[in-house]
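Visitor: Just dropping this structure here.
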Amino acid sequence: MSNTALVYSKRYMMHDAGKSHPESPGRLTETVRYLQGTGLMDRLRVVEPKTASIDDLARVHSIEHIERIRDCSETGGCRINADTYISEHTFETALLAAGGVLTAGDLVVNKSFDNAFAMVRPPGHHARYDKAAGFCYFNNVAIAVRFLQHKYNLERIMIFDWDTHAADGTMSIFWNDPSVLNISIHQDPNTLYPGTGFMEQVGEGEGEGYTVNIPVAAGSQDQDYRYIIENFVKPLARSYKPQVIIISAGMDSHKKDLISQIALTEKGYSEMTRAFMELADGLCDGRIFLELEGGYNLKALGKSSFEILKSLLGEPGGYVIDGALVPHNKELVDALREKFSSYHNL
Ligand SMILES: [Zn+2]
């Protein structure tokens with residue numbers, strides 16, 4: 001049985017972008033209600049997140065961007081673009097979201113816990129150096145990466161983002177940076193927001209080959225993700241030898257979440273968690289943590305979070321994931337292996 005931290009706070013409900021907005025406080029209240037109903041909450045430790053400092057944010061974002069979000073919150077709120085709003089408590093909640101991911105990372109890297117899941121909102125992976133976008137204000141995972149590098153001098157951190165949307169914000173932040181192997185698997189951006197995250201986008205300068213985009217076909221299922229992880233992501237990770245593995249877990253790639261056409265199930269998230277835990281055991285003394293990104297079908301988010309936490313706890317389970325692959329994804333793996341073998345030992 002693992003010692004697992006669930007980093008979570010009721011204060012994550014303070015940010016509210018409006019009644020009809022999919023990124024709602026109910027995402028977390030319903031998930032926690034579901035987890036409580038299963039009895040799982042008694043087998044892990046709930047940890048209150050720290051609040052990220054301005055210095056923590058400023059390792060990733062411009063001061064102008066930070067002040068813009070703060071000032072807008074302090075004056076009662078405003079709209080940033082069509083789908084991203086700031087309310088009175090957005091700034092405070094966003095600092096707590098970044099702080100939650102940073103707390104999870106700290107607890108895992110210093111070995112206070114075997115692993116952790118930072119169940120935070122608002123999400124972060126579309127936020128860039130100078131820009132909020134796609135329900136995201138500050139890039140929580142990037143802020144945690146810079147914090148861990150600063151505190152522990154880590155040289156190689158791996159991010160795997162399974163949210164259905166490409167992690168364009170995270171990609172832009174680490175574009176030139178080989179200290180982060182930044183992998184995003186997502187629905188083909190020709191057919192989904194944010195319209196970027198193509199295989200050809202591999203980073204630049206010293207970072208060339210350390211940005212990895214895996215654009216899968218609409219209709220992809222658990223077996224497609226398993227195939228891609230086994231045949232491409234695992235060899236890539238073994239070549240890079242990360243010191244910690246971070247999963248940007250967006251459960252909007254669930255088949256019941258109609259924001260995209262990716263069709264994963266809670267079994268798939270369970271199996272992916274187990275696969276990355278095994279990888280972390282072999283590469284980085286088991287150091288792994290997850291942080292929540294998207295996920296807008298409340299039932300699917302609750303069930304998926306339950307399966308992920310069961311895996312983190314090391315409880316018996318595991319599923320046989322089988323079925324025919326979407327043909328495109330087999331070609332995709334061949335193309336990825338060929339492309340990245342010039343940067344890594346695949
Ligand atoms: Zn998403």
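Identifiers in the structure tokens: chain A, B, ... in order shown; residue index from 1 per chain; ligand index from 1 in order shown.
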Enumerate residues in contact with ligand 1: an atom-to-atom distance of at most 7 Å, counting only C-alpha atoms and all ligand atoms. Format the result as a list in words.
Guide: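 Counting only C-alpha atoms and all ligand atoms, the residues within 7 Å of ligand 1 come out as Asp163, Thr164, His165, Gly250, Asp252, Glu293, Gly294 and Gly295 of chain A.
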Visitor: Let's see if you can do this: from backbone DSSP, list all strand (DSSP E) residues in region 60-166 of chain A, as a list in words.
Guide: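 These are the residues in question: Gly77, Cys78, Arg79, Ile80, Asn81, Thr84, Tyr85, Ile86, Ser87, Asn115, Ala116, Phe117, Ala118, Ile157, Met158, Ile159, Phe160 and Asp161 of chain A.
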Visitor: Pull C-alpha atoms from the residues just selected and write them as a CSV table (one decimal), in the first residue's frame.
Guide:
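Final output, result_34.csv:
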```csv
chain,number,residue,atom,x,y,z
A,77,GLY,CA,-13.7,40.7,-12.5
A,78,CYS,CA,-13.5,40.9,-16.3
A,79,ARG,CA,-13.5,38.8,-19.4
A,80,ILE,CA,-10.1,37.9,-21.0
A,81,ASN,CA,-11.4,36.2,-24.1
A,84,THR,CA,-11.8,32.7,-20.0
A,85,TYR,CA,-13.3,35.0,-17.3
A,86,ILE,CA,-11.8,36.4,-14.2
A,87,SER,CA,-14.0,36.8,-11.1
A,115,ASN,CA,3.1,9.7,-4.8
A,116,ALA,CA,0.4,12.5,-5.0
A,117,PHE,CA,-2.5,13.8,-7.0
A,118,ALA,CA,-3.0,17.6,-6.9
A,157,ILE,CA,11.9,16.4,-15.4
A,158,MET,CA,9.3,14.6,-17.6
A,159,ILE,CA,5.8,15.8,-18.1
A,160,PHE,CA,3.1,13.6,-19.8
A,161,ASP,CA,-0.1,15.5,-20.5
```
Visitor: Which residue is closest to Lys267 (chain A)? Choose from A:Ile173, A:Val60, A:Leu325, A:Ile308 and count only C-alpha atoms.
Guide: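 Selected residue with least distance to Lys267 (chain A): A:Ile308.
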Visitor: Taking only C-alpha atoms into account, name the residue in A:Asp168, A:Asp188, A:Asp55, A:Asp285 that is nearest to Val244 (chain A).
Guide: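 Using only C-alpha atoms, Val244 (chain A) sits closest to A:Asp285.
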Visitor: With only C-alpha atoms as the counted atoms, please give the residues lying no more than 9 Å from Val180 (chain A), apart from itself and same-chain residues fewer than 3 positions off, as a PyMOL selection string.
Guide: chain A and resi 145+155-159+174+177+207+210-211+242
Visitor: Next, write the just-selected residues to a file, as a PDB file, in the first residue's frame, keeping N, CA and C atoms as the atom set.
Guide:
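Generated file (part_25.pdb):
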```pdb
ATOM      1  N   VAL A 145       7.390  22.839 -11.920  1.00  0.00           N
ATOM      2  CA  VAL A 145       8.682  22.401 -12.485  1.00  0.00           C
ATOM      3  C   VAL A 145       9.784  23.382 -12.091  1.00  0.00           C
ATOM      4  N   GLU A 155      17.694  18.245 -12.947  1.00  0.00           N
ATOM      5  CA  GLU A 155      18.159  18.535 -14.312  1.00  0.00           C
ATOM      6  C   GLU A 155      17.247  17.957 -15.383  1.00  0.00           C
ATOM      7  N   ARG A 156      16.464  16.934 -15.018  1.00  0.00           N
ATOM      8  CA  ARG A 156      15.613  16.280 -16.027  1.00  0.00           C
ATOM      9  C   ARG A 156      14.252  15.943 -15.424  1.00  0.00           C
ATOM     10  N   ILE A 157      13.231  16.661 -15.885  1.00  0.00           N
ATOM     11  CA  ILE A 157      11.865  16.422 -15.429  1.00  0.00           C
ATOM     12  C   ILE A 157      11.021  16.050 -16.642  1.00  0.00           C
ATOM     13  N   MET A 158      10.188  15.035 -16.489  1.00  0.00           N
ATOM     14  CA  MET A 158       9.321  14.629 -17.603  1.00  0.00           C
ATOM     15  C   MET A 158       7.867  14.961 -17.274  1.00  0.00           C
ATOM     16  N   ILE A 159       7.195  15.566 -18.255  1.00  0.00           N
ATOM     17  CA  ILE A 159       5.753  15.821 -18.141  1.00  0.00           C
ATOM     18  C   ILE A 159       5.054  14.982 -19.204  1.00  0.00           C
ATOM     19  N   PHE A 174       8.434  25.657 -22.331  1.00  0.00           N
ATOM     20  CA  PHE A 174       9.643  24.808 -22.328  1.00  0.00           C
ATOM     21  C   PHE A 174      10.224  24.579 -23.725  1.00  0.00           C
ATOM     22  N   ASP A 177      14.014  24.305 -23.956  1.00  0.00           N
ATOM     23  CA  ASP A 177      14.573  23.856 -22.685  1.00  0.00           C
ATOM     24  C   ASP A 177      14.695  22.332 -22.591  1.00  0.00           C
ATOM     25  N   GLY A 207      16.564  23.029 -26.916  1.00  0.00           N
ATOM     26  CA  GLY A 207      15.357  22.252 -26.592  1.00  0.00           C
ATOM     27  C   GLY A 207      14.832  21.407 -27.741  1.00  0.00           C
ATOM     28  N   TYR A 210      12.957  17.893 -27.381  1.00  0.00           N
ATOM     29  CA  TYR A 210      12.458  17.697 -26.015  1.00  0.00           C
ATOM     30  C   TYR A 210      11.002  18.144 -25.860  1.00  0.00           C
ATOM     31  N   THR A 211      10.416  18.661 -26.937  1.00  0.00           N
ATOM     32  CA  THR A 211       8.977  18.880 -27.004  1.00  0.00           C
ATOM     33  C   THR A 211       8.424  17.772 -27.881  1.00  0.00           C
ATOM     34  N   PRO A 242      14.295  10.636 -16.545  1.00  0.00           N
ATOM     35  CA  PRO A 242      13.822  11.750 -15.705  1.00  0.00           C
ATOM     36  C   PRO A 242      14.068  11.491 -14.226  1.00  0.00           C
TER      37      PRO A 242
END
```
Visitor: Could you check which of A:Asn231, A:Asn140, A:Asn213, A:Ser112 is closest to Leu181 (chain A), using only C-alpha atoms?
Guide: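 Result for the nearest residue to Leu181 (chain A): A:Asn213.
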Visitor: Choose the residue, out of A:Pro316, A:Gly197, A:Gly209, A:Gly100, that has the smallest atom-to-atom separation from Ser179 (chain A); count only C-alpha atoms.
Guide: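 Once distances to Ser179 (chain A) are computed over only C-alpha atoms, the minimum belongs to A:Gly209.
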Visitor: For Arg238 (chain A), please output as an MDAnalysis selection string all residues within 9 Å (counting only C-alpha atoms; exclusion window: fewer than 6 positions along the same chain).
Guide: chainID A and resid 279 282:283 345:346
Visitor: Can those selected residues be exported to a file as a CSV table (one decimal), in the first residue's frame so that it contains N, CA and C atoms?
Guide:
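Output saved as result_4.csv:
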```
chain,number,residue,atom,x,y,z
A,279,LEU,N,7.2,2.8,-14.7
A,279,LEU,CA,8.3,3.5,-15.3
A,279,LEU,C,9.1,4.3,-14.2
A,282,GLY,N,11.3,2.3,-12.1
A,282,GLY,CA,12.6,1.9,-12.7
A,282,GLY,C,13.5,3.0,-12.9
A,283,LEU,N,13.0,4.2,-13.0
A,283,LEU,CA,13.9,5.4,-13.5
A,283,LEU,C,14.2,6.4,-12.4
A,345,ASN,N,17.8,7.9,-27.8
A,345,ASN,CA,18.2,6.5,-28.0
A,345,ASN,C,17.0,5.6,-27.9
A,346,LEU,N,16.2,5.5,-29.0
A,346,LEU,CA,15.0,4.7,-29.0
A,346,LEU,C,15.2,3.3,-29.4
```
Visitor: Tell me which protein, DNA and RNA residues are within 8 Å of Tyr296 (chain A), counting only C-alpha atoms, leaving out same-chain ones fewer than 2 positions away, and put them as an MDAnalysis selection string.
Guide: chainID A and resid 22:23 27 251:252 257 259 294 298 301
Visitor: Please provide as JSON, numbers by chain all residues within 10 Å of Arg11 (chain A), with the sequence filter that same-chain residues fewer than 2 positions apart are discarded (counting only C-alpha atoms).
Guide: {"A": [8, 9, 13, 14, 15, 25, 48, 49, 89, 92, 93, 96, 97, 120, 121]}
Visitor: Could you tell me how far CA of Val141 (chain A) lies from CA of Asn153 (chain A), in Å and to one decimal?
Guide: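 According to the coordinates, CA of Val141 (chain A) and CA of Asn153 (chain A) are separated by 16.7 Å.
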Visitor: Between CA of His254 (chain A) and CA of Arg33 (chain A), measure the distance and give it in Å to one decimal.
Guide: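 CA of Arg33 (chain A) lies 19.5 Å from CA of His254 (chain A).
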